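Shown below: final-v4.pdb, with PDB, C-alpha atoms.
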MODEL        1
ATOM      1  CA  MET G  18      69.211  98.703  80.566
ATOM      2  CA  THR G  19      67.954  95.736  82.555
ATOM      3  CA  LEU G  20      70.553  94.678  85.068
ATOM      4  CA  THR G  21      71.506  91.004  85.104
ATOM      5  CA  ARG G  22      72.476  90.138  88.650
ATOM      6  CA  PRO G  23      74.846  87.329  89.557
ATOM      7  CA  THR G  24      73.424  84.225  91.220
ATOM      8  CA  PRO G  25      74.910  81.236  93.053
ATOM      9  CA  ALA G  26      74.485  79.296  89.801
ATOM     10  CA  SER G  27      76.238  82.026  87.803
ATOM     11  CA  PRO G  28      78.434  83.958  90.225
ATOM     12  CA  LEU G  29      80.338  87.147  89.538
ATOM     13  CA  LYS G  30      84.030  86.234  89.576
ATOM     14  CA  ILE G  31      86.320  88.595  91.495
ATOM     15  CA  GLY G  32      90.000  88.302  90.594
ATOM     16  CA  THR G  33      92.669  89.121  93.171
ATOM     17  CA  ARG G  34      96.175  88.370  94.360
ATOM     18  CA  GLY G  35      96.400  85.819  97.132
ATOM     19  CA  SER G  36      98.010  87.797  99.953
ATOM     20  CA  PRO G  37      95.969  88.336 103.139
ATOM     21  CA  LEU G  38      95.662  92.054 102.340
ATOM     22  CA  ALA G  39      94.595  91.448  98.739
ATOM     23  CA  LEU G  40      91.969  88.979  99.942
ATOM     24  CA  ALA G  41      90.712  91.482 102.533
ATOM     25  CA  GLN G  42      90.258  94.007  99.725
ATOM     26  CA  ALA G  43      88.392  91.468  97.585
ATOM     27  CA  HIS G  44      86.163  90.606 100.547
ATOM     28  CA  GLU G  45      85.381  94.308 101.070
ATOM     29  CA  THR G  46      84.434  94.625  97.409
ATOM     30  CA  ARG G  47      82.196  91.571  97.640
ATOM     31  CA  ALA G  48      80.547  92.859 100.826
ATOM     32  CA  ARG G  49      79.759  96.233  99.233
ATOM     33  CA  LEU G  50      78.248  94.594  96.147
ATOM     34  CA  MET G  51      76.227  92.206  98.321
ATOM     35  CA  ALA G  52      74.834  95.146 100.301
ATOM     36  CA  ALA G  53      74.143  97.302  97.238
ATOM     37  CA  PHE G  54      72.123  94.606  95.459
ATOM     38  CA  ASP G  55      70.903  92.483  98.399
ATOM     39  CA  LEU G  56      72.748  89.422  97.121
ATOM     40  CA  PRO G  57      73.989  86.335  98.991
ATOM     41  CA  GLN G  58      77.707  85.702  99.406
ATOM     42  CA  ASP G  59      77.637  82.696  97.103
ATOM     43  CA  ALA G  60      76.535  84.940  94.223
ATOM     44  CA  PHE G  61      80.223  85.840  94.091
ATOM     45  CA  GLU G  62      83.352  83.773  93.613
ATOM     46  CA  ILE G  63      86.765  85.060  94.662
ATOM     47  CA  VAL G  64      89.408  83.818  92.227
ATOM     48  CA  VAL G  65      93.000  83.931  93.462
ATOM     49  CA  ILE G  66      95.537  84.549  90.704
ATOM     50  CA  LYS G  67      99.276  84.089  91.188
ATOM     51  CA  VAL G  68     101.251  87.109  89.980
ATOM     52  CA  THR G  69     104.952  87.415  89.204
ATOM     53  CA  GLY G  70     105.463  90.222  91.724
ATOM     54  CA  ASP G  71     104.505  87.938  94.600
ATOM     55  CA  ALA G  72     106.765  85.134  93.422
ATOM     56  CA  ILE G  73     109.958  87.223  93.378
ATOM     57  CA  GLN G  74     110.812  88.599  96.817
ATOM     58  CA  ASP G  75     114.558  89.211  96.750
ATOM     59  CA  ARG G  76     114.922  92.035  94.213
ATOM     60  CA  PRO G  77     113.595  95.590  93.868
ATOM     61  CA  LEU G  78     110.561  96.025  91.614
ATOM     62  CA  LYS G  79     112.410  98.342  89.264
ATOM     63  CA  ASP G  80     114.898  95.530  88.530
ATOM     64  CA  ILE G  81     112.273  92.954  87.586
ATOM     65  CA  GLY G  82     109.647  94.899  85.660
ATOM     66  CA  GLY G  83     107.907  97.458  87.867
ATOM     67  CA  LYS G  84     104.313  97.770  88.961
ATOM     68  CA  GLY G  85     102.904  95.612  86.166
ATOM     69  CA  LEU G  86     104.253  92.537  87.921
ATOM     70  CA  PHE G  87     101.311  92.753  90.353
ATOM     71  CA  THR G  88      98.659  93.149  87.673
ATOM     72  CA  ARG G  89      99.615  91.434  84.419
ATOM     73  CA  GLU G  90      98.289  87.947  85.097
ATOM     74  CA  ILE G  91      95.105  89.332  86.670
ATOM     75  CA  GLU G  92      94.454  91.580  83.685
ATOM     76  CA  ASP G  93      95.059  88.666  81.314
ATOM     77  CA  ALA G  94      92.359  86.710  83.181
ATOM     78  CA  LEU G  95      90.013  89.689  82.906
ATOM     79  CA  LEU G  96      90.592  89.963  79.170
ATOM     80  CA  ASP G  97      90.037  86.261  78.509
ATOM     81  CA  GLY G  98      86.854  86.158  80.595
ATOM     82  CA  SER G  99      88.175  83.967  83.412
ATOM     83  CA  ILE G 100      87.124  86.688  85.871
ATOM     84  CA  ASP G 101      84.563  89.507  85.686
ATOM     85  CA  ILE G 102      86.286  92.195  87.762
ATOM     86  CA  ALA G 103      89.750  92.669  89.254
ATOM     87  CA  VAL G 104      90.452  94.240  92.648
ATOM     88  CA  HIS G 105      93.711  96.155  93.034
ATOM     89  CA  SER G 106      95.661  98.248  95.511
ATOM     90  CA  MET G 107      95.763 101.480  93.545
ATOM     91  CA  LYS G 108      99.309 102.373  94.532
ATOM     92  CA  ASP G 109     100.418  99.218  92.674
ATOM     93  CA  MET G 110      98.638 100.177  89.454
ATOM     94  CA  PRO G 111     100.439 101.478  86.357
ATOM     95  CA  VAL G 112      98.925 104.686  84.991
ATOM     96  CA  LEU G 113      97.966 102.951  81.731
ATOM     97  CA  GLN G 114      95.642  99.960  81.385
ATOM     98  CA  PRO G 115      95.708  97.368  78.585
ATOM     99  CA  ALA G 116      93.399  97.995  75.632
ATOM    100  CA  GLY G 117      89.902  96.762  76.408
ATOM    101  CA  LEU G 118      90.081  97.342  80.168
ATOM    102  CA  LEU G 119      88.869 100.240  82.314
ATOM    103  CA  LEU G 120      89.758 101.209  85.859
ATOM    104  CA  ASP G 121      87.027 103.633  86.885
ATOM    105  CA  THR G 122      85.613 102.375  90.188
ATOM    106  CA  TYR G 123      87.108 103.196  93.583
ATOM    107  CA  LEU G 124      86.010 102.268  97.079
ATOM    108  CA  PRO G 125      86.151 104.868  99.878
ATOM    109  CA  ARG G 126      89.799 105.621 100.575
ATOM    110  CA  GLU G 127      91.381 104.406 103.799
ATOM    111  CA  ASP G 128      94.152 106.122 105.811
ATOM    112  CA  VAL G 129      96.752 107.436 103.343
ATOM    113  CA  ARG G 130      99.673 107.548 105.775
ATOM    114  CA  ASP G 131     102.763 105.378 106.157
ATOM    115  CA  ALA G 132     102.977 103.445 109.414
ATOM    116  CA  PHE G 133     106.261 103.292 111.331
ATOM    117  CA  VAL G 134     106.902  99.772 112.594
ATOM    118  CA  ALA G 135     109.870  98.951 114.853
ATOM    119  CA  GLN G 136     111.035  96.429 117.411
ATOM    120  CA  ASP G 137     112.328  98.937 119.947
ATOM    121  CA  ALA G 138     112.278 102.531 118.704
ATOM    122  CA  ALA G 139     109.116 104.512 119.459
ATOM    123  CA  THR G 140     109.660 106.951 116.587
ATOM    124  CA  LEU G 141     111.847 107.262 113.524
ATOM    125  CA  ARG G 142     113.910 109.937 115.284
ATOM    126  CA  ASP G 143     114.789 107.468 118.056
ATOM    127  CA  LEU G 144     116.783 105.230 115.709
ATOM    128  CA  PRO G 145     120.553 105.476 116.330
ATOM    129  CA  GLU G 146     123.075 106.363 113.652
ATOM    130  CA  GLY G 147     123.657 103.452 111.290
ATOM    131  CA  ALA G 148     120.413 101.694 112.210
ATOM    132  CA  ARG G 149     118.985  99.636 109.359
ATOM    133  CA  VAL G 150     115.533 100.471 108.039
ATOM    134  CA  GLY G 151     113.954  97.966 105.669
ATOM    135  CA  SER G 152     112.018  99.099 102.613
ATOM    136  CA  SER G 153     111.558  98.046  99.004
ATOM    137  CA  SER G 154     109.805 101.297  98.089
ATOM    138  CA  LEU G 155     111.943 103.695  96.059
ATOM    139  CA  ARG G 156     109.871 106.550  97.451
ATOM    140  CA  ARG G 157     110.261 105.608 101.107
ATOM    141  CA  ARG G 158     113.956 104.875 100.684
ATOM    142  CA  ALA G 159     114.636 108.246  99.053
ATOM    143  CA  GLN G 160     112.514 110.163 101.554
ATOM    144  CA  LEU G 161     114.236 108.436 104.445
ATOM    145  CA  LEU G 162     117.737 109.103 103.141
ATOM    146  CA  ASN G 163     116.809 112.711 102.394
ATOM    147  CA  ALA G 164     115.590 113.403 105.935
ATOM    148  CA  PHE G 165     117.773 110.934 107.880
ATOM    149  CA  PRO G 166     121.031 110.418 105.969
ATOM    150  CA  HIS G 167     122.625 108.818 109.051
ATOM    151  CA  LEU G 168     120.409 105.727 108.670
ATOM    152  CA  GLU G 169     121.031 102.700 106.433
ATOM    153  CA  VAL G 170     118.271 101.432 104.130
ATOM    154  CA  VAL G 171     118.112  97.735 103.219
ATOM    155  CA  GLU G 172     115.908  95.866 100.725
ATOM    156  CA  PHE G 173     112.736  94.590 102.397
ATOM    157  CA  ARG G 174     110.120  93.043 100.084
ATOM    158  CA  GLY G 175     107.134  90.855 100.809
ATOM    159  CA  ASN G 176     103.579  91.082 102.075
ATOM    160  CA  VAL G 177     102.752  92.501 105.510
ATOM    161  CA  GLN G 178     103.294  89.203 107.323
ATOM    162  CA  THR G 179     106.619  88.570 105.565
ATOM    163  CA  ARG G 180     107.945  92.021 106.439
ATOM    164  CA  LEU G 181     106.946  91.678 110.080
ATOM    165  CA  ARG G 182     108.740  88.335 110.214
ATOM    166  CA  LYS G 183     111.897  89.888 108.735
ATOM    167  CA  LEU G 184     111.702  92.618 111.352
ATOM    168  CA  ALA G 185     111.422  90.064 114.153
ATOM    169  CA  ASP G 186     114.411  88.194 112.684
ATOM    170  CA  GLY G 187     116.559  91.327 112.950
ATOM    171  CA  VAL G 188     116.987  91.990 109.239
ATOM    172  CA  ALA G 189     116.244  95.622 110.097
ATOM    173  CA  ALA G 190     115.447  97.701 113.177
ATOM    174  CA  ALA G 191     112.394  99.291 111.600
ATOM    175  CA  THR G 192     110.252  99.400 108.472
ATOM    176  CA  PHE G 193     107.248 101.177 106.994
ATOM    177  CA  LEU G 194     103.914  99.713 105.977
ATOM    178  CA  ALA G 195     100.820 101.390 104.595
ATOM    179  CA  GLN G 196      98.537 102.266 107.505
ATOM    180  CA  ALA G 197      95.567 101.410 105.285
ATOM    181  CA  GLY G 198      96.773  97.833 104.881
ATOM    182  CA  LEU G 199      97.239  97.374 108.607
ATOM    183  CA  ASN G 200      93.769  98.794 109.255
ATOM    184  CA  ARG G 201      92.167  96.473 106.701
ATOM    185  CA  LEU G 202      93.894  93.474 108.260
ATOM    186  CA  GLY G 203      92.913  94.464 111.799
ATOM    187  CA  MET G 204      96.614  94.893 112.609
ATOM    188  CA  ALA G 205      96.859  98.630 113.328
ATOM    189  CA  HIS G 206      98.337  97.751 116.711
ATOM    190  CA  VAL G 207     101.653  96.619 115.193
ATOM    191  CA  ALA G 208     102.537 100.189 114.202
ATOM    192  CA  ARG G 209     104.321 102.536 116.567
ATOM    193  CA  GLY G 210     102.434 105.340 114.893
ATOM    194  CA  ALA G 211     101.507 106.849 111.537
ATOM    195  CA  MET G 212     103.776 109.319 109.766
ATOM    196  CA  SER G 213     102.287 112.727 109.065
ATOM    197  CA  PRO G 214     102.170 113.521 105.323
ATOM    198  CA  ASP G 215     104.144 116.641 106.272
ATOM    199  CA  ASP G 216     107.026 114.350 107.252
ATOM    200  CA  MET G 217     106.550 111.544 104.702
ATOM    201  CA  LEU G 218     104.305 112.290 101.755
ATOM    202  CA  PRO G 219     102.572 109.030 100.764
ATOM    203  CA  ALA G 220     102.633 107.192  97.472
ATOM    204  CA  VAL G 221     100.198 108.248  94.776
ATOM    205  CA  ALA G 222      96.837 106.525  95.397
ATOM    206  CA  GLN G 223      97.969 104.971  98.692
ATOM    207  CA  GLY G 224      95.049 103.635 100.741
ATOM    208  CA  ALA G 225      92.715 103.290  97.746
ATOM    209  CA  ILE G 226      91.151 100.159  96.250
ATOM    210  CA  GLY G 227      90.416 100.187  92.527
ATOM    211  CA  ILE G 228      88.177  97.828  90.579
ATOM    212  CA  GLU G 229      89.007  97.068  86.949
ATOM    213  CA  ARG G 230      86.552  95.741  84.360
ATOM    214  CA  ARG G 231      86.212  95.007  80.667
ATOM    215  CA  ALA G 232      85.385  98.242  78.841
ATOM    216  CA  ASP G 233      82.499  96.693  76.892
ATOM    217  CA  ASP G 234      80.762  95.042  79.864
ATOM    218  CA  MET G 235      77.965  97.513  80.581
ATOM    219  CA  ASN G 236      76.226  95.190  83.022
ATOM    220  CA  ILE G 237      79.289  95.095  85.265
ATOM    221  CA  ALA G 238      79.725  98.856  84.775
ATOM    222  CA  ALA G 239      76.219  99.439  86.130
ATOM    223  CA  MET G 240      76.857  97.238  89.154
ATOM    224  CA  LEU G 241      80.157  98.904  89.977
ATOM    225  CA  ASP G 242      78.637 102.358  89.675
ATOM    226  CA  ALA G 243      76.567 101.543  92.765
ATOM    227  CA  ILE G 244      79.674 101.190  94.940
ATOM    228  CA  HIS G 245      81.911 103.861  93.371
ATOM    229  CA  HIS G 246      83.123 106.585  95.760
ATOM    230  CA  THR G 247      83.150 109.840  93.822
ATOM    231  CA  GLN G 248      85.510 111.832  96.033
ATOM    232  CA  THR G 249      88.134 109.095  96.018
ATOM    233  CA  GLY G 250      87.908 109.080  92.223
ATOM    234  CA  GLN G 251      88.404 112.858  92.102
ATOM    235  CA  ARG G 252      91.456 112.679  94.343
ATOM    236  CA  LEU G 253      93.012 109.852  92.350
ATOM    237  CA  ALA G 254      92.345 111.602  89.046
ATOM    238  CA  ALA G 255      94.637 114.425  90.189
ATOM    239  CA  GLU G 256      97.278 112.185  91.768
ATOM    240  CA  ARG G 257      97.510 109.828  88.811
ATOM    241  CA  ALA G 258      97.639 112.702  86.309
ATOM    242  CA  PHE G 259     100.598 114.029  88.312
ATOM    243  CA  LEU G 260     102.253 110.590  88.296
ATOM    244  CA  ALA G 261     101.654 109.986  84.590
ATOM    245  CA  THR G 262     103.213 113.322  83.619
ATOM    246  CA  LEU G 263     106.280 112.801  85.817
ATOM    247  CA  ASP G 264     106.965 109.108  85.253
ATOM    248  CA  GLY G 265     104.423 106.297  85.366
ATOM    249  CA  SER G 266     107.025 103.594  85.983
ATOM    250  CA  CYS G 267     108.523 102.250  89.195
ATOM    251  CA  GLU G 268     111.897 103.834  88.453
ATOM    252  CA  THR G 269     111.457 107.275  90.028
ATOM    253  CA  PRO G 270     110.739 108.099  93.694
ATOM    254  CA  ILE G 271     107.477 110.052  93.484
ATOM    255  CA  ALA G 272     104.984 111.019  96.188
ATOM    256  CA  GLY G 273     101.637 112.735  95.801
ATOM    257  CA  LEU G 274      98.561 113.433  97.885
ATOM    258  CA  ALA G 275      95.303 115.140  96.919
ATOM    259  CA  GLU G 276      92.866 116.335  99.582
ATOM    260  CA  ILE G 277      89.420 117.881  99.085
ATOM    261  CA  ASP G 278      87.826 120.661 101.118
ATOM    262  CA  GLY G 279      84.455 121.646  99.719
ATOM    263  CA  THR G 280      84.965 122.371  96.026
ATOM    264  CA  THR G 281      88.730 122.867  96.367
ATOM    265  CA  LEU G 282      91.365 120.195  95.782
ATOM    266  CA  ARG G 283      94.844 120.605  97.236
ATOM    267  CA  LEU G 284      97.668 118.586  95.687
ATOM    268  CA  ARG G 285     101.074 118.104  97.229
ATOM    269  CA  GLY G 286     103.735 116.366  95.184
ATOM    270  CA  GLU G 287     107.427 115.639  95.209
ATOM    271  CA  VAL G 288     110.091 113.839  93.200
ATOM    272  CA  LEU G 289     113.439 112.743  94.626
ATOM    273  CA  ARG G 290     116.740 111.285  93.583
ATOM    274  CA  PRO G 291     116.895 107.627  94.730
ATOM    275  CA  ASP G 292     119.828 108.354  97.065
ATOM    276  CA  GLY G 293     117.853 111.110  98.779
ATOM    277  CA  SER G 294     120.409 113.768  97.860
ATOM    278  CA  GLU G 295     117.808 116.055  96.290
ATOM    279  CA  LYS G 296     114.060 116.615  96.602
ATOM    280  CA  ILE G 297     111.841 118.915  94.532
ATOM    281  CA  ALA G 298     108.333 119.602  95.802
ATOM    282  CA  ASP G 299     105.260 121.702  95.122
ATOM    283  CA  ASP G 300     101.874 122.410  96.720
ATOM    284  CA  ARG G 301      98.922 123.777  94.719
ATOM    285  CA  SER G 302      95.153 124.107  94.910
ATOM    286  CA  SER G 303      92.386 124.407  92.321
ATOM    287  CA  THR G 304      88.751 123.557  91.766
ATOM    288  CA  ILE G 305      88.060 119.827  91.656
ATOM    289  CA  ALA G 306      87.134 120.040  87.969
ATOM    290  CA  ASP G 307      90.454 121.672  87.073
ATOM    291  CA  ALA G 308      92.569 119.442  89.339
ATOM    292  CA  PRO G 309      93.896 116.971  86.712
ATOM    293  CA  ASP G 310      95.102 119.852  84.530
ATOM    294  CA  MET G 311      96.647 121.519  87.575
ATOM    295  CA  ALA G 312      98.366 118.238  88.451
ATOM    296  CA  ARG G 313      99.872 117.909  84.982
ATOM    297  CA  ASP G 314     101.056 121.527  85.082
ATOM    298  CA  MET G 315     102.589 120.965  88.510
ATOM    299  CA  ALA G 316     104.438 117.897  87.254
ATOM    300  CA  GLN G 317     105.774 119.807  84.257
ATOM    301  CA  SER G 318     106.978 122.546  86.605
ATOM    302  CA  LEU G 319     108.843 120.000  88.743
ATOM    303  CA  LEU G 320     110.441 118.498  85.632
ATOM    304  CA  LYS G 321     111.696 121.943  84.624
ATOM    305  CA  GLN G 322     113.066 122.569  88.117
ATOM    306  CA  ALA G 323     114.794 119.191  88.100
ATOM    307  CA  GLY G 324     116.616 119.881  84.861
ATOM    308  CA  PRO G 325     118.249 117.315  82.559
ATOM    309  CA  GLY G 326     120.768 116.077  85.138
ATOM    310  CA  PHE G 327     118.236 115.125  87.799
ATOM    311  CA  PHE G 328     117.402 111.785  86.180
ATOM    312  CA  ASP G 329     120.938 110.840  85.141
ATOM    313  CA  TRP G 330     120.876 107.875  87.541
ATOM    314  CA  ARG G 331     118.383 105.966  85.360
TER     315      ARG G 331
ENDMDL
END

Please lay out the structure from this file as structure tokens.
Amino acid sequence: MTLTRPTPASPLKIGTRGSPLALAQAHETRARLMAAFDLPQDAFEIVVIKVTGDAIQDRPLKDIGGKGLFTREIEDALLDGSIDIAVHSMKDMPVLQPAGLLLDTYLPREDVRDAFVAQDAATLRDLPEGARVGSSSLRRRAQLLNAFPHLEVVEFRGNVQTRLRKLADGVAAATFLAQAGLNRLGMAHVARGAMSPDDMLPAVAQGAIGIERRADDMNIAAMLDAIHHTQTGQRLAAERAFLATLDGSCETPIAGLAEIDGTTLRLRGEVLRPDGSEKIADDRSSTIADAPDMARDMAQSLLKQAGPGFFDWR
């Protein structure tokens, strides 16, 4: 097919949330497309879309609708043609997309780890008994309570800047942020350090940027193919298959990380009770081609280990 490239007169519209991190991700996407096709910046238009998840900051996601709160309005704009592509943080993405949309382009993955951020403590282990740690993530809260039951976890929503402000105001003694987000914002210095995945397994797809498009737009598909990072796609295929089989909602604390060495993919995964009282984990390896099937089998195994009473808190 003959590729129709965007121009300043007819720019490609990139839909995104309006937070500084979301805009940084949209700018990275634009820069990669500009470089791939030797296009000027004004051949692209970044369209900021207000989403429900950013408007509600005082309640946990699971209480107000889950991950879709960060994507619904953007996907509506994609479907009605107001934008041409949508840029997302992949850890915020539900495992299913609306009919007519495809999420099949990923940029090179950033640091997958969680960053420990604190006013005074150098490490998580330095926090005294009863210290408050702020987090809105079910996964981080459960992992923290599982490993450090002497700490108190308090609700802590908002973008990076909001959470840092809450920390400075004394709402909590420490919090966690995605190291990838800090790196993309040029703010890596605010972290005391990054948590090893051995100590805190990250969220599924953490550190990855995904680009969503209309399924029937082959011109956009061809453009996005030029910036797609294959290995990131292979890793996320395994992680998201694991997530989908366990529970694709925001109601279960789930962690998962796929890593590739040559032709082998290693997947580590875990599911926890929200209060941290129980954790079930597994660690498997397979060929890259077989990894999604392995991930689904691993998830089924964890569900069997958990038994019917494990999810009685829902």

query = Near Asp216 of chain G, counting all atoms listed in the file, which residues have an atom at most 9 Å away, once you skip same-chain residues fewer than 4 positions from it, shown as a PyMOL selection string?
reply = chain G and resi 160+164+212

task = Would you work out the distance separating atom CA of Ile271 of chain G from atom CA of Ala316 of chain G, expressed in Å to one decimal?
result = 10.5 Å

ask   = Nearest to Phe259 of chain G among G:Ser153, G:Thr140, G:Val112, G:Phe327, with distances taken over all atoms listed in the file: which residue is it?
value =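 Using all atoms listed in the file, Phe259 of chain G sits closest to G:Val112.
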
Could you build a table of the residues in segment 219-242 of chain G lying no more than 8 Å from segment 272-277 of chain G, giving for each the nearest pair of atoms and their separation in Å rounded to one decimal place, using all atoms listed in the file, ordered by chain and ascending residue number, as JSON lines?
{"residue": "G:Pro219", "atom": "CA", "partner": "G:Ala272", "partner_atom": "CA", "distance": 5.5}
{"residue": "G:Ala220", "atom": "CA", "partner": "G:Ala272", "partner_atom": "CA", "distance": 4.7}
{"residue": "G:Val221", "atom": "CA", "partner": "G:Gly273", "partner_atom": "CA", "distance": 4.8}
{"residue": "G:Ala222", "atom": "CA", "partner": "G:Leu274", "partner_atom": "CA", "distance": 7.5}

key: Pairwise distance for atom CA of Arg149 of chain G and atom CA of Val188 of chain G, rounded to one decimal in Å   =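 Atom-to-atom, atom CA of Arg149 of chain G to atom CA of Val188 of chain G, that is 7.9 Å.
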
ask   = Which distance in Å separates atom CA of His44 of chain G and atom CA of Gly32 of chain G, to one decimal?
value =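 The value is 10.9 Å.
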
key: Option closest in space to Arg158 of chain G, from G:Val104, G:Ile244, G:Val170, G:Val68 [counting all atoms listed in the file]   =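 Of G:Val104, G:Ile244, G:Val170, G:Val68, the one nearest Arg158 of chain G, counting all atoms listed in the file, is G:Val170.
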
key: Long-range neighbours of Ala132 of chain G as JSON, numbers by chain, 6 Å cut-off, all atoms listed in the file, 4 positions minimum in chain   = {"G": [193, 194, 195, 196, 208, 210, 211, 212]}

ask   = Mind telling me what the PyMOL selection byres ((chain G and resi 280) around 10) catches here, as a list in words?
value =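 Selected by the PyMOL selection byres ((chain G and resi 280) around 10) in this file: Ile277, Asp278, Gly279, Thr281, Leu282, Ser303, Thr304, Ile305 and Ala306 of chain G.
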
Find the axis-aligned box for segment 175-191 of chain G, covering all its listed atoms and adding 5 Å on each side, and write its centre and edge lengths in Å to one decimal as lines of an AutoDock Vina configuration file.
center_x = 109.9
center_y = 93.7
center_z = 107.5
size_x = 24.2
size_y = 21.1
size_z = 23.3

message = On this structure, the PyMOL selection byres ((chain G and resi 165-167) around 12) would catch which residues? List them as a PyMOL selection string, sorted by chain and number.
response = chain G and resi 141-150+157-164+168-170+216-217+292-295

request  = Determine the nearest neighbour of Phe173 of chain G from the options G:Ser154, G:Asp186, G:Gln248, G:Pro325, counting only C-alpha atoms.
outcome  =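 Result for the nearest residue to Phe173 of chain G: G:Ser154.
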
Residues near segment 229-232 of chain G, cut-off 7 Å, all atoms listed in the file, skip fewer than 3 positions along chain, as an mmCIF file with C-alpha atoms, keeping the file's coordinate frame:
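Saved as result08.cif:
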data_model
loop_
_atom_site.group_PDB
_atom_site.id
_atom_site.type_symbol
_atom_site.label_atom_id
_atom_site.label_comp_id
_atom_site.auth_asym_id
_atom_site.auth_seq_id
_atom_site.Cartn_x
_atom_site.Cartn_y
_atom_site.Cartn_z
ATOM 1 C CA LEU G 95 90.013 89.689 82.906
ATOM 2 C CA LEU G 96 90.592 89.963 79.170
ATOM 3 C CA ASP G 101 84.563 89.507 85.686
ATOM 4 C CA ILE G 102 86.286 92.195 87.762
ATOM 5 C CA ALA G 103 89.750 92.669 89.254
ATOM 6 C CA VAL G 104 90.452 94.240 92.648
ATOM 7 C CA GLY G 117 89.902 96.762 76.408
ATOM 8 C CA LEU G 118 90.081 97.342 80.168
ATOM 9 C CA LEU G 119 88.869 100.240 82.314
ATOM 10 C CA LEU G 120 89.758 101.209 85.859
ATOM 11 C CA ASP G 121 87.027 103.633 86.885
#

ask   = Leaving out Ala26 of chain G and any residue of its chain fewer than 3 positions from it, which residues lie within 9 Å of it when counting all atoms listed in the file, given as a ChimeraX atom specification?
value = /G:23,59-60

ask   = With all atoms listed in the file as the atoms that count, which of G:Ser106, G:Gln58, G:Asn236, G:Ser27 lies nearest to Leu40 of chain G?
value = G:Ser106

key: Selected residue of minimal separation from Ala52 of chain G among G:Leu155, G:Met240, G:Leu263, G:Pro115, counting only C-alpha atoms   =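 So, comparing all the options, the nearest one is G:Met240.
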
Within 6 Å of file point (92.6, 101.8, 90.7), counting only C-alpha atoms, expressed as a ChimeraX atom specification = /G:107,120,226-228

inquiry  = Given the PyMOL selection byres ((chain G and resi 39) around 12) and the file above, list the residues it selects as a ChimeraX atom specification.
reply    = /G:31-38,40-46,63-68,71,87-88,103-107,109,176-177,197-199,201-202,226-227

Write to file, as a JSON list (two decimals), in the frame of the given file, the residues of the selection just made, with C-alpha atoms.
[["chain", "number", "residue", "atom", "x", "y", "z"],
["G", 31, "ILE", "CA", 86.32, 88.60, 91.50],
["G", 32, "GLY", "CA", 90.00, 88.30, 90.59],
["G", 33, "THR", "CA", 92.67, 89.12, 93.17],
["G", 34, "ARG", "CA", 96.18, 88.37, 94.36],
["G", 35, "GLY", "CA", 96.40, 85.82, 97.13],
["G", 36, "SER", "CA", 98.01, 87.80, 99.95],
["G", 37, "PRO", "CA", 95.97, 88.34, 103.14],
["G", 38, "LEU", "CA", 95.66, 92.05, 102.34],
["G", 40, "LEU", "CA", 91.97, 88.98, 99.94],
["G", 41, "ALA", "CA", 90.71, 91.48, 102.53],
["G", 42, "GLN", "CA", 90.26, 94.01, 99.72],
["G", 43, "ALA", "CA", 88.39, 91.47, 97.58],
["G", 44, "HIS", "CA", 86.16, 90.61, 100.55],
["G", 45, "GLU", "CA", 85.38, 94.31, 101.07],
["G", 46, "THR", "CA", 84.43, 94.62, 97.41],
["G", 63, "ILE", "CA", 86.76, 85.06, 94.66],
["G", 64, "VAL", "CA", 89.41, 83.82, 92.23],
["G", 65, "VAL", "CA", 93.00, 83.93, 93.46],
["G", 66, "ILE", "CA", 95.54, 84.55, 90.70],
["G", 67, "LYS", "CA", 99.28, 84.09, 91.19],
["G", 68, "VAL", "CA", 101.25, 87.11, 89.98],
["G", 71, "ASP", "CA", 104.50, 87.94, 94.60],
["G", 87, "PHE", "CA", 101.31, 92.75, 90.35],
["G", 88, "THR", "CA", 98.66, 93.15, 87.67],
["G", 103, "ALA", "CA", 89.75, 92.67, 89.25],
["G", 104, "VAL", "CA", 90.45, 94.24, 92.65],
["G", 105, "HIS", "CA", 93.71, 96.16, 93.03],
["G", 106, "SER", "CA", 95.66, 98.25, 95.51],
["G", 107, "MET", "CA", 95.76, 101.48, 93.54],
["G", 109, "ASP", "CA", 100.42, 99.22, 92.67],
["G", 176, "ASN", "CA", 103.58, 91.08, 102.08],
["G", 177, "VAL", "CA", 102.75, 92.50, 105.51],
["G", 197, "ALA", "CA", 95.57, 101.41, 105.28],
["G", 198, "GLY", "CA", 96.77, 97.83, 104.88],
["G", 199, "LEU", "CA", 97.24, 97.37, 108.61],
["G", 201, "ARG", "CA", 92.17, 96.47, 106.70],
["G", 202, "LEU", "CA", 93.89, 93.47, 108.26],
["G", 226, "ILE", "CA", 91.15, 100.16, 96.25],
["G", 227, "GLY", "CA", 90.42, 100.19, 92.53]]

query = With all atoms listed in the file as the atoms that count, which of G:Leu50, G:Met235, G:Ala243, G:Leu181 lies nearest to Thr21 of chain G?
reply = G:Met235
